[in-house]
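As provided, input_35.cif (mmCIF, C-alpha atoms) reads as follows.
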data_structure
loop_
_atom_site.group_PDB
_atom_site.id
_atom_site.type_symbol
_atom_site.label_atom_id
_atom_site.label_comp_id
_atom_site.auth_asym_id
_atom_site.auth_seq_id
_atom_site.Cartn_x
_atom_site.Cartn_y
_atom_site.Cartn_z
ATOM 1 C CA MET Y 5 1.549 -9.496 -9.854
ATOM 2 C CA PRO Y 6 1.085 -13.291 -9.804
ATOM 3 C CA SER Y 7 -2.379 -14.327 -10.916
ATOM 4 C CA ASP Y 8 -2.999 -16.388 -7.761
ATOM 5 C CA ASN Y 9 -2.554 -13.248 -5.638
ATOM 6 C CA VAL Y 10 -4.964 -11.342 -7.849
ATOM 7 C CA SER Y 11 -7.460 -14.210 -7.597
ATOM 8 C CA ARG Y 12 -7.101 -14.272 -3.809
ATOM 9 C CA ILE Y 13 -7.936 -10.565 -3.536
ATOM 10 C CA VAL Y 14 -10.891 -10.729 -5.915
ATOM 11 C CA GLU Y 15 -12.238 -13.929 -4.334
ATOM 12 C CA ALA Y 16 -12.235 -12.313 -0.894
ATOM 13 C CA ARG Y 17 -13.810 -9.085 -2.099
ATOM 14 C CA VAL Y 18 -16.604 -10.955 -3.903
ATOM 15 C CA ASN Y 19 -17.350 -13.838 -1.548
ATOM 16 C CA ASP Y 20 -15.931 -12.895 1.850
ATOM 17 C CA PRO Y 21 -15.660 -9.124 2.382
ATOM 18 C CA GLY Y 22 -15.311 -9.731 6.115
ATOM 19 C CA ALA Y 23 -11.902 -11.257 5.416
ATOM 20 C CA ILE Y 24 -10.473 -7.734 5.364
ATOM 21 C CA ALA Y 25 -11.485 -7.021 8.965
ATOM 22 C CA THR Y 26 -10.300 -10.498 9.957
ATOM 23 C CA ALA Y 27 -6.904 -9.872 8.370
ATOM 24 C CA ALA Y 28 -6.642 -6.525 10.143
ATOM 25 C CA ALA Y 29 -7.486 -8.103 13.515
ATOM 26 C CA ARG Y 30 -4.839 -10.802 13.211
ATOM 27 C CA ARG Y 31 -2.137 -8.539 11.762
ATOM 28 C CA VAL Y 32 1.009 -8.415 13.880
ATOM 29 C CA LYS Y 33 1.547 -4.760 14.729
ATOM 30 C CA ALA Y 34 4.876 -2.995 14.505
ATOM 31 C CA PRO Y 35 6.675 -2.878 17.865
ATOM 32 C CA SER Y 36 7.734 0.703 17.125
ATOM 33 C CA LEU Y 37 7.258 3.418 14.520
ATOM 34 C CA LEU Y 38 11.026 3.362 14.109
ATOM 35 C CA GLY Y 39 13.127 0.497 12.832
ATOM 36 C CA THR Y 40 16.210 -1.065 14.338
ATOM 37 C CA HIS Y 41 18.166 1.725 12.634
ATOM 38 C CA GLY Y 42 16.260 4.230 14.785
ATOM 39 C CA LYS Y 43 14.376 5.844 11.906
ATOM 40 C CA ALA Y 44 11.121 5.292 10.012
ATOM 41 C CA MET Y 45 11.185 4.122 6.382
ATOM 42 C CA ILE Y 46 7.627 4.405 5.078
ATOM 43 C CA VAL Y 47 6.566 3.636 1.511
ATOM 44 C CA ALA Y 48 3.791 5.933 0.241
ATOM 45 C CA ALA Y 49 1.196 4.878 -2.333
ATOM 46 C CA ASP Y 50 -1.810 7.170 -1.894
ATOM 47 C CA HIS Y 51 -1.271 9.128 -5.117
ATOM 48 C CA PRO Y 52 -3.845 7.358 -7.353
ATOM 49 C CA ALA Y 53 -6.813 8.339 -5.154
ATOM 50 C CA ARG Y 54 -6.077 12.001 -5.960
ATOM 51 C CA GLY Y 55 -5.847 11.236 -9.671
ATOM 52 C CA ALA Y 56 -2.060 11.638 -9.612
ATOM 53 C CA ASN Y 57 -1.144 8.494 -11.539
ATOM 54 C CA GLY Y 58 1.863 9.783 -13.440
ATOM 55 C CA VAL Y 59 5.496 8.875 -12.891
ATOM 56 C CA GLY Y 60 8.103 10.538 -15.072
ATOM 57 C CA ALA Y 61 6.979 10.462 -18.704
ATOM 58 C CA ASP Y 62 4.255 7.855 -18.077
ATOM 59 C CA PRO Y 63 0.991 9.594 -17.112
ATOM 60 C CA THR Y 64 -0.726 6.344 -16.074
ATOM 61 C CA ALA Y 65 2.076 4.380 -14.387
ATOM 62 C CA MET Y 66 0.348 4.081 -11.011
ATOM 63 C CA ALA Y 67 -3.035 3.321 -12.559
ATOM 64 C CA ASP Y 68 -2.086 -0.331 -13.081
ATOM 65 C CA ARG Y 69 -3.158 -1.666 -9.680
ATOM 66 C CA PHE Y 70 -1.674 -5.126 -10.131
ATOM 67 C CA GLU Y 71 1.704 -3.613 -11.019
ATOM 68 C CA LEU Y 72 1.523 -1.167 -8.106
ATOM 69 C CA LEU Y 73 0.713 -3.939 -5.624
ATOM 70 C CA ASP Y 74 3.560 -6.048 -6.958
ATOM 71 C CA ARG Y 75 5.994 -3.173 -6.470
ATOM 72 C CA LEU Y 76 4.626 -2.479 -2.989
ATOM 73 C CA CYS Y 77 5.076 -6.112 -1.981
ATOM 74 C CA THR Y 78 8.679 -6.000 -3.192
ATOM 75 C CA ALA Y 79 9.346 -2.809 -1.221
ATOM 76 C CA LEU Y 80 7.701 -4.071 1.974
ATOM 77 C CA GLU Y 81 9.795 -7.232 1.897
ATOM 78 C CA ARG Y 82 13.069 -5.297 1.988
ATOM 79 C CA PRO Y 83 14.956 -5.147 5.313
ATOM 80 C CA GLY Y 84 14.630 -1.827 7.074
ATOM 81 C CA VAL Y 85 11.268 -0.820 5.605
ATOM 82 C CA THR Y 86 9.092 0.037 8.600
ATOM 83 C CA GLY Y 87 5.710 0.898 7.149
ATOM 84 C CA VAL Y 88 3.315 1.946 4.433
ATOM 85 C CA LEU Y 89 0.983 4.880 3.740
ATOM 86 C CA ALA Y 90 -2.024 4.416 1.444
ATOM 87 C CA THR Y 91 -5.782 4.679 0.990
ATOM 88 C CA ALA Y 92 -8.229 2.005 2.119
ATOM 89 C CA ASP Y 93 -8.435 0.194 -1.219
ATOM 90 C CA ILE Y 94 -4.680 -0.388 -1.346
ATOM 91 C CA LEU Y 95 -4.208 -1.152 2.349
ATOM 92 C CA GLU Y 96 -7.042 -3.684 2.243
ATOM 93 C CA ASP Y 97 -5.419 -5.432 -0.733
ATOM 94 C CA LEU Y 98 -2.143 -5.567 1.206
ATOM 95 C CA LEU Y 99 -3.962 -6.967 4.251
ATOM 96 C CA LEU Y 100 -5.484 -9.712 2.120
ATOM 97 C CA LEU Y 101 -2.017 -10.509 0.773
ATOM 98 C CA GLY Y 102 -0.685 -10.765 4.350
ATOM 99 C CA VAL Y 103 2.285 -8.432 3.842
ATOM 100 C CA LEU Y 104 1.643 -5.898 6.627
ATOM 101 C CA ASP Y 105 2.787 -7.928 9.637
ATOM 102 C CA GLY Y 106 5.324 -6.014 11.700
ATOM 103 C CA LYS Y 107 4.801 -2.818 9.696
ATOM 104 C CA SER Y 108 3.429 0.526 10.800
ATOM 105 C CA VAL Y 109 0.376 1.483 8.749
ATOM 106 C CA PHE Y 110 -0.908 4.970 8.000
ATOM 107 C CA GLY Y 111 -4.244 5.699 6.340
ATOM 108 C CA SER Y 112 -4.551 8.569 3.874
ATOM 109 C CA MET Y 113 -7.444 10.794 4.914
ATOM 110 C CA ASN Y 114 -8.098 13.639 2.447
ATOM 111 C CA ARG Y 115 -7.982 12.976 -1.298
ATOM 112 C CA ALA Y 116 -10.717 15.240 -2.723
ATOM 113 C CA GLY Y 117 -8.250 17.882 -3.914
ATOM 114 C CA LEU Y 118 -7.870 16.123 -7.242
ATOM 115 C CA ALA Y 119 -4.680 16.880 -9.140
ATOM 116 C CA GLY Y 120 -5.241 19.575 -11.751
ATOM 117 C CA SER Y 121 -8.776 20.449 -10.594
ATOM 118 C CA VAL Y 122 -10.122 23.963 -9.998
ATOM 119 C CA PHE Y 123 -11.044 22.827 -6.461
ATOM 120 C CA GLU Y 124 -7.635 21.363 -5.609
ATOM 121 C CA ILE Y 125 -7.226 23.435 -2.435
ATOM 122 C CA ASP Y 126 -10.661 22.333 -1.186
ATOM 123 C CA ASP Y 127 -9.150 19.016 -0.160
ATOM 124 C CA ARG Y 128 -12.006 17.374 1.702
ATOM 125 C CA PHE Y 129 -11.684 14.225 3.770
ATOM 126 C CA THR Y 130 -12.925 11.428 1.538
ATOM 127 C CA GLY Y 131 -10.642 8.638 2.753
ATOM 128 C CA TYR Y 132 -9.959 7.260 6.205
ATOM 129 C CA ASP Y 133 -11.272 8.891 9.356
ATOM 130 C CA ALA Y 134 -9.753 8.540 12.814
ATOM 131 C CA GLU Y 135 -12.445 6.105 13.968
ATOM 132 C CA MET Y 136 -11.712 3.600 11.194
ATOM 133 C CA ILE Y 137 -7.934 3.987 11.510
ATOM 134 C CA ALA Y 138 -8.296 3.055 15.182
ATOM 135 C CA ALA Y 139 -10.708 0.192 14.418
ATOM 136 C CA MET Y 140 -8.291 -1.292 11.884
ATOM 137 C CA GLY Y 141 -5.437 -1.197 14.395
ATOM 138 C CA PHE Y 142 -3.380 1.187 12.275
ATOM 139 C CA ASP Y 143 -0.842 3.673 13.600
ATOM 140 C CA GLY Y 144 -2.087 7.000 12.296
ATOM 141 C CA GLY Y 145 -3.506 9.091 9.514
ATOM 142 C CA LYS Y 146 -1.981 11.429 6.975
ATOM 143 C CA MET Y 147 -3.465 14.663 5.690
ATOM 144 C CA LEU Y 148 -2.209 16.856 2.845
ATOM 145 C CA THR Y 149 -2.626 20.506 3.880
ATOM 146 C CA ARG Y 150 -2.051 23.088 1.173
ATOM 147 C CA ILE Y 151 -2.260 26.719 2.243
ATOM 148 C CA ALA Y 152 -3.082 29.123 -0.577
ATOM 149 C CA LEU Y 153 -3.380 32.713 0.614
ATOM 150 C CA ASP Y 154 -5.209 33.630 -2.602
ATOM 151 C CA ASP Y 155 -7.830 30.861 -2.325
ATOM 152 C CA PRO Y 156 -10.871 31.295 -0.042
ATOM 153 C CA ALA Y 157 -11.119 27.522 0.406
ATOM 154 C CA THR Y 158 -7.973 27.566 2.560
ATOM 155 C CA PRO Y 159 -9.630 28.305 5.950
ATOM 156 C CA ALA Y 160 -11.944 25.304 5.561
ATOM 157 C CA ALA Y 161 -8.984 23.114 4.595
ATOM 158 C CA LEU Y 162 -7.129 24.207 7.719
ATOM 159 C CA GLN Y 163 -10.212 23.659 9.866
ATOM 160 C CA ASN Y 164 -10.688 20.140 8.505
ATOM 161 C CA THR Y 165 -7.042 19.312 9.162
ATOM 162 C CA ALA Y 166 -7.333 20.621 12.727
ATOM 163 C CA ARG Y 167 -10.434 18.474 13.269
ATOM 164 C CA ALA Y 168 -8.591 15.376 12.050
ATOM 165 C CA VAL Y 169 -5.626 16.199 14.292
ATOM 166 C CA ASN Y 170 -7.985 16.429 17.263
ATOM 167 C CA GLU Y 171 -9.721 13.135 16.453
ATOM 168 C CA LEU Y 172 -6.462 11.254 15.961
ATOM 169 C CA ASN Y 173 -5.104 12.704 19.209
ATOM 170 C CA ASN Y 174 -8.229 11.457 20.988
ATOM 171 C CA HIS Y 175 -7.318 7.932 19.830
ATOM 172 C CA GLN Y 176 -3.618 8.467 20.637
ATOM 173 C CA LEU Y 177 -2.742 7.929 16.979
ATOM 174 C CA ILE Y 178 -0.207 9.800 14.874
ATOM 175 C CA ALA Y 179 -1.549 12.766 12.893
ATOM 176 C CA MET Y 180 0.847 13.074 9.955
ATOM 177 C CA VAL Y 181 0.389 16.586 8.544
ATOM 178 C CA GLU Y 182 1.922 17.413 5.141
ATOM 179 C CA PRO Y 183 1.821 21.224 4.743
ATOM 180 C CA PHE Y 184 2.675 23.377 1.737
ATOM 181 C CA MET Y 185 2.350 27.048 0.916
ATOM 182 C CA SER Y 186 0.682 26.898 -2.504
ATOM 183 C CA GLU Y 187 -0.236 29.364 -5.252
ATOM 184 C CA TRP Y 188 -2.341 29.343 -8.400
ATOM 185 C CA HIS Y 189 -0.356 29.745 -11.627
ATOM 186 C CA ASP Y 190 -2.084 29.560 -15.018
ATOM 187 C CA GLY Y 191 -4.974 27.600 -13.589
ATOM 188 C CA ARG Y 192 -2.851 25.073 -11.691
ATOM 189 C CA ILE Y 193 -1.704 24.812 -8.094
ATOM 190 C CA ARG Y 194 2.030 24.985 -7.503
ATOM 191 C CA ASN Y 195 3.684 24.294 -4.152
ATOM 192 C CA ASP Y 196 6.257 26.895 -3.128
ATOM 193 C CA LEU Y 197 9.404 24.949 -2.179
ATOM 194 C CA SER Y 198 11.489 27.944 -1.170
ATOM 195 C CA THR Y 199 12.960 27.716 2.312
ATOM 196 C CA ASP Y 200 10.919 30.656 3.609
ATOM 197 C CA ALA Y 201 7.673 29.181 2.294
ATOM 198 C CA VAL Y 202 8.325 25.748 3.811
ATOM 199 C CA VAL Y 203 9.183 27.363 7.152
ATOM 200 C CA LYS Y 204 5.931 29.349 7.049
ATOM 201 C CA SER Y 205 3.914 26.214 6.254
ATOM 202 C CA ILE Y 206 5.480 24.428 9.225
ATOM 203 C CA THR Y 207 4.703 27.209 11.687
ATOM 204 C CA ILE Y 208 1.071 27.241 10.519
ATOM 205 C CA ALA Y 209 0.677 23.449 10.529
ATOM 206 C CA SER Y 210 2.312 23.062 13.940
ATOM 207 C CA GLY Y 211 -0.430 25.161 15.526
ATOM 208 C CA LEU Y 212 -3.375 23.170 14.167
ATOM 209 C CA GLY Y 213 -5.539 21.301 16.663
ATOM 210 C CA ARG Y 214 -6.219 21.554 20.369
ATOM 211 C CA ARG Y 215 -3.389 19.100 21.130
ATOM 212 C CA THR Y 216 -0.185 18.273 19.274
ATOM 213 C CA ALA Y 217 1.091 15.386 21.401
ATOM 214 C CA TYR Y 218 0.640 12.990 18.462
ATOM 215 C CA THR Y 219 1.273 15.388 15.563
ATOM 216 C CA TRP Y 220 4.130 14.604 13.182
ATOM 217 C CA LEU Y 221 5.046 16.578 10.072
ATOM 218 C CA LYS Y 222 5.731 15.251 6.574
ATOM 219 C CA LEU Y 223 8.043 17.732 4.871
ATOM 220 C CA PRO Y 224 9.822 18.221 1.553
ATOM 221 C CA VAL Y 225 13.607 18.342 1.483
ATOM 222 C CA VAL Y 226 14.580 21.812 0.278
ATOM 223 C CA ALA Y 227 17.511 24.178 0.616
ATOM 224 C CA ASP Y 228 18.715 25.010 4.148
ATOM 225 C CA MET Y 229 17.012 22.160 5.979
ATOM 226 C CA GLU Y 230 18.725 23.249 9.176
ATOM 227 C CA ARG Y 231 16.533 26.358 9.224
ATOM 228 C CA VAL Y 232 13.487 24.434 8.032
ATOM 229 C CA LEU Y 233 13.635 21.846 10.805
ATOM 230 C CA ALA Y 234 14.478 24.484 13.410
ATOM 231 C CA SER Y 235 10.995 25.971 12.922
ATOM 232 C CA SER Y 236 9.221 23.295 15.005
ATOM 233 C CA THR Y 237 9.913 20.698 17.675
ATOM 234 C CA LEU Y 238 7.390 18.304 16.147
ATOM 235 C CA PRO Y 239 8.882 15.069 14.779
ATOM 236 C CA ALA Y 240 9.420 15.298 11.033
ATOM 237 C CA LEU Y 241 9.357 12.680 8.301
ATOM 238 C CA LEU Y 242 11.074 13.698 5.090
ATOM 239 C CA LEU Y 243 9.049 13.578 1.893
ATOM 240 C CA GLY Y 244 10.802 11.952 -1.024
ATOM 241 C CA GLY Y 245 8.475 12.881 -3.856
ATOM 242 C CA GLU Y 246 9.286 12.285 -7.503
ATOM 243 C CA VAL Y 247 12.942 13.017 -8.208
ATOM 244 C CA LYS Y 248 14.774 13.717 -11.466
ATOM 245 C CA ASP Y 249 18.290 13.263 -10.092
ATOM 246 C CA PRO Y 250 18.353 10.241 -7.749
ATOM 247 C CA GLU Y 251 21.963 10.734 -6.645
ATOM 248 C CA ALA Y 252 21.369 14.345 -5.637
ATOM 249 C CA ALA Y 253 18.116 13.413 -3.913
ATOM 250 C CA PHE Y 254 19.686 10.626 -1.867
ATOM 251 C CA ALA Y 255 22.514 12.943 -0.836
ATOM 252 C CA SER Y 256 20.090 15.653 0.320
ATOM 253 C CA TRP Y 257 17.942 13.124 2.202
ATOM 254 C CA GLY Y 258 20.987 11.719 3.972
ATOM 255 C CA LYS Y 259 22.135 15.157 5.087
ATOM 256 C CA ALA Y 260 18.688 16.183 6.334
ATOM 257 C CA LEU Y 261 18.304 12.931 8.287
ATOM 258 C CA GLN Y 262 21.145 14.023 10.549
ATOM 259 C CA LEU Y 263 19.051 16.850 12.001
ATOM 260 C CA PRO Y 264 17.481 16.232 15.428
ATOM 261 C CA THR Y 265 13.765 16.358 14.562
ATOM 262 C CA ALA Y 266 14.122 14.223 11.406
ATOM 263 C CA GLN Y 267 12.674 10.795 12.212
ATOM 264 C CA GLY Y 268 12.856 9.106 8.839
ATOM 265 C CA LEU Y 269 11.618 9.051 5.256
ATOM 266 C CA VAL Y 270 8.240 8.757 3.535
ATOM 267 C CA VAL Y 271 8.969 7.982 -0.103
ATOM 268 C CA GLY Y 272 6.673 6.781 -2.857
ATOM 269 C CA ARG Y 273 7.149 7.058 -6.592
ATOM 270 C CA SER Y 274 10.929 7.429 -6.613
ATOM 271 C CA LEU Y 275 11.271 4.056 -4.851
ATOM 272 C CA LEU Y 276 8.341 2.220 -6.396
ATOM 273 C CA TYR Y 277 9.103 3.396 -9.941
ATOM 274 C CA PRO Y 278 12.861 4.041 -10.141
ATOM 275 C CA SER Y 279 14.208 4.932 -13.567
ATOM 276 C CA ASN Y 280 16.229 1.694 -13.753
ATOM 277 C CA GLY Y 281 13.250 -0.457 -12.715
ATOM 278 C CA ASP Y 282 15.058 -1.924 -9.685
ATOM 279 C CA VAL Y 283 12.578 -1.422 -6.841
ATOM 280 C CA ALA Y 284 14.551 -3.517 -4.342
ATOM 281 C CA GLY Y 285 17.763 -1.669 -5.123
ATOM 282 C CA ALA Y 286 16.158 1.759 -4.756
ATOM 283 C CA VAL Y 287 14.569 0.785 -1.436
ATOM 284 C CA ASP Y 288 17.813 -0.682 -0.104
ATOM 285 C CA LYS Y 289 19.695 2.486 -0.999
ATOM 286 C CA ALA Y 290 17.130 4.635 0.831
ATOM 287 C CA VAL Y 291 17.310 2.371 3.876
ATOM 288 C CA SER Y 292 21.102 2.694 3.880
ATOM 289 C CA LEU Y 293 20.708 6.420 4.535
ATOM 290 C CA LEU Y 294 19.091 5.614 7.881
#

Final structure tokens representation of the file:
Amino acid sequence: MPSDNVSRIVEARVNDPGAIATAAARRVKAPSLLGTHGKAMIVAADHPARGANGVGADPTAMADRFELLDRLCTALERPGVTGVLATADILEDLLLLGVLDGKSVFGSMNRAGLAGSVFEIDDRFTGYDAEMIAAMGFDGGKMLTRIALDDPATPAALQNTARAVNELNNHQLIAMVEPFMSEWHDGRIRNDLSTDAVVKSITIASGLGRRTAYTWLKLPVVADMERVLASSTLPALLLGGEVKDPEAAFASWGKALQLPTAQGLVVGRSLLYPSNGDVAGAVDKAVSLL
């Protein structure tokens, strides 16, 4: 990232913290959650707050904040990118850089389920809350909701997600719920990406909260997406995740996007850290699927 941009962020944070709220107030909001192509293309960058800094063989790739911001700026400049999903620290940096005009913005809400921890299922809300998302003029909040039938922390995790859904609905903001059926294996949490498990997670997540008018789902692309997306009428955004075979991933995303409830993509590491290093090219290819 250019040193003048770094200096601008640090200068504001040290000498004019109110500049963040000022930048949020003057930000030009997105006219729609969907782009001119009729779908959402959201870049996700909330992984570091959960201690998940690795990409591929590099366990600390996302820990370089200047590099991450540089890649985010490149992605957000590409035609067809509609928005961004991140924690407050990253979104505030992007506000200070002035790159969020015309973009939808989603705040990440629960990040306490640190990657690799013994309390990973107990994913408490340590990030944005609905009140601040509304105050910042953002479009919604995202919550990771892992459902482990063998972990007694699961009911509290579901209750906290339901509470956030209710609060976002009260503000008429999108509640982006990312559900997984999860299990403990050798001291680590593993998400079950079988079709049946993803369907079960959707039926559970769809019933959370006293209203679902503003609930959207963030879902992995797995086998038999026709059956997966037939399990709810809630709008669905497809989770990109970290991919080992980009060609196969793009093909599966493109096919799933044809289904009626699929409203777009939320992709992070595979676009920000492509194996060939070409962030703009990876983003453009994803946008072409829309």

Closest of Y:Ala179, Y:Leu263, Y:Ala252, Y:Met45 to Ala217 in chain Y - atom-to-atom distances counting only C-alpha atoms: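 Nearest candidate to Ala217 in chain Y out of Y:Ala179, Y:Leu263, Y:Ala252, Y:Met45: Y:Ala179.
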
Residues near Gly42 in chain Y, cut-off 12 Å, all atoms listed in the file, skip fewer than 6 positions along chain, as a PyMOL selection string: chain Y and resi 36+84-86+261-262+266-269+291+293-294

Å distance separating CA of Ala27 in chain Y from CA of Gly102 in chain Y, one decimal place: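 Computing it gives 7.5 Å between the two atoms.
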
Target residues per the PyMOL selection byres ((chain Y and resi 129) around 8), formatted as JSON, numbers by chain: {"Y": [113, 114, 115, 116, 127, 128, 130, 131, 132, 133, 164]}

Output check: residues returned by the PyMOL selection byres ((chain Y and resi 10) around 12), as a list of chain:residue names: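 Taken over the shown coordinates, the PyMOL selection byres ((chain Y and resi 10) around 12) returns Y:Met5, Y:Pro6, Y:Ser7, Y:Asp8, Y:Asn9, Y:Ser11, Y:Arg12, Y:Ile13, Y:Val14, Y:Glu15, Y:Ala16, Y:Arg17, Y:Arg69, Y:Phe70, Y:Glu71, Y:Leu73, Y:Asp74, Y:Asp97, Y:Leu98, Y:Leu100, Y:Leu101.
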
Just C-alpha atoms for this one: save the residues we selected as a compact mmCIF listing (two decimals), in the frame of the given file.
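Dumped to again_33.txt:
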# COMPACT_ATOMS: atom_id res chain seq x y z
CA MET Y 5 1.55 -9.50 -9.85
CA PRO Y 6 1.08 -13.29 -9.80
CA SER Y 7 -2.38 -14.33 -10.92
CA ASP Y 8 -3.00 -16.39 -7.76
CA ASN Y 9 -2.55 -13.25 -5.64
CA SER Y 11 -7.46 -14.21 -7.60
CA ARG Y 12 -7.10 -14.27 -3.81
CA ILE Y 13 -7.94 -10.56 -3.54
CA VAL Y 14 -10.89 -10.73 -5.92
CA GLU Y 15 -12.24 -13.93 -4.33
CA ALA Y 16 -12.24 -12.31 -0.89
CA ARG Y 17 -13.81 -9.09 -2.10
CA ARG Y 69 -3.16 -1.67 -9.68
CA PHE Y 70 -1.67 -5.13 -10.13
CA GLU Y 71 1.70 -3.61 -11.02
CA LEU Y 73 0.71 -3.94 -5.62
CA ASP Y 74 3.56 -6.05 -6.96
CA ASP Y 97 -5.42 -5.43 -0.73
CA LEU Y 98 -2.14 -5.57 1.21
CA LEU Y 100 -5.48 -9.71 2.12
CA LEU Y 101 -2.02 -10.51 0.77

Spatial neighbours of Thr219 in chain Y, 8 Å, all atoms listed in the file, chain gap at least 2 places, as an NGL selection string: :Y and (169 or 173 or 178-181 or 210 or 216-217 or 221 or 238-239)

Residue with smallest distance to Gly258 in chain Y - pool Y:Met147, Y:Gly141, Y:Gly60, Y:Lys43, counting only C-alpha atoms: Y:Lys43

Distance in Å - CA of Thr64 in chain Y versus CA of Met136 in chain Y: 29.5 Å

Distance in Å - CA of Arg82 in chain Y versus CA of Ala284 in chain Y: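 We find that CA of Arg82 in chain Y and CA of Ala284 in chain Y lie 6.7 Å from each other.
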
Counting only C-alpha atoms, the option among Y:Lys259, Y:Lys222, Y:Arg215, Y:His41 closest to Leu242 in chain Y: Y:Lys222

Spatial neighbours of Thr149 in chain Y, 10 Å, all atoms listed in the file, chain gap at least 5 places, as a list in words: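 Returned residues: Asn114, Gly117, Ile125, Asp126, Asp127, Thr158, Ala161, Leu162, Asn164, Thr165, Val181, Glu182, Pro183, Phe184, Met185, Ser186, Ser205 and Ala209 of chain Y.
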
Ala53 in chain Y surroundings by all atoms listed in the file, 10 Å radius, close-in-sequence under 2 positions cut, as a list in words: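 Within the cut-off, the hits are Ala49, Asp50, His51, Gly55, Ala56, Asn57, Ala67, Ala90, Thr91, Ala92, Asp93, Ile94, Ser112, Asn114, Arg115, Ala116, Gly117, Leu118, Ala119, Thr130 and Gly131 of chain Y.
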
For the selection you just gave me, I'd like the residues written to a file as an mmCIF file, keeping the file's coordinate frame, keeping C-alpha atoms.
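Final file, selection36.cif:
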data_model
loop_
_atom_site.group_PDB
_atom_site.id
_atom_site.type_symbol
_atom_site.label_atom_id
_atom_site.label_comp_id
_atom_site.auth_asym_id
_atom_site.auth_seq_id
_atom_site.Cartn_x
_atom_site.Cartn_y
_atom_site.Cartn_z
ATOM 1 C CA ALA Y 49 1.196 4.878 -2.333
ATOM 2 C CA ASP Y 50 -1.810 7.170 -1.894
ATOM 3 C CA HIS Y 51 -1.271 9.128 -5.117
ATOM 4 C CA GLY Y 55 -5.847 11.236 -9.671
ATOM 5 C CA ALA Y 56 -2.060 11.638 -9.612
ATOM 6 C CA ASN Y 57 -1.144 8.494 -11.539
ATOM 7 C CA ALA Y 67 -3.035 3.321 -12.559
ATOM 8 C CA ALA Y 90 -2.024 4.416 1.444
ATOM 9 C CA THR Y 91 -5.782 4.679 0.990
ATOM 10 C CA ALA Y 92 -8.229 2.005 2.119
ATOM 11 C CA ASP Y 93 -8.435 0.194 -1.219
ATOM 12 C CA ILE Y 94 -4.680 -0.388 -1.346
ATOM 13 C CA SER Y 112 -4.551 8.569 3.874
ATOM 14 C CA ASN Y 114 -8.098 13.639 2.447
ATOM 15 C CA ARG Y 115 -7.982 12.976 -1.298
ATOM 16 C CA ALA Y 116 -10.717 15.240 -2.723
ATOM 17 C CA GLY Y 117 -8.250 17.882 -3.914
ATOM 18 C CA LEU Y 118 -7.870 16.123 -7.242
ATOM 19 C CA ALA Y 119 -4.680 16.880 -9.140
ATOM 20 C CA THR Y 130 -12.925 11.428 1.538
ATOM 21 C CA GLY Y 131 -10.642 8.638 2.753
#
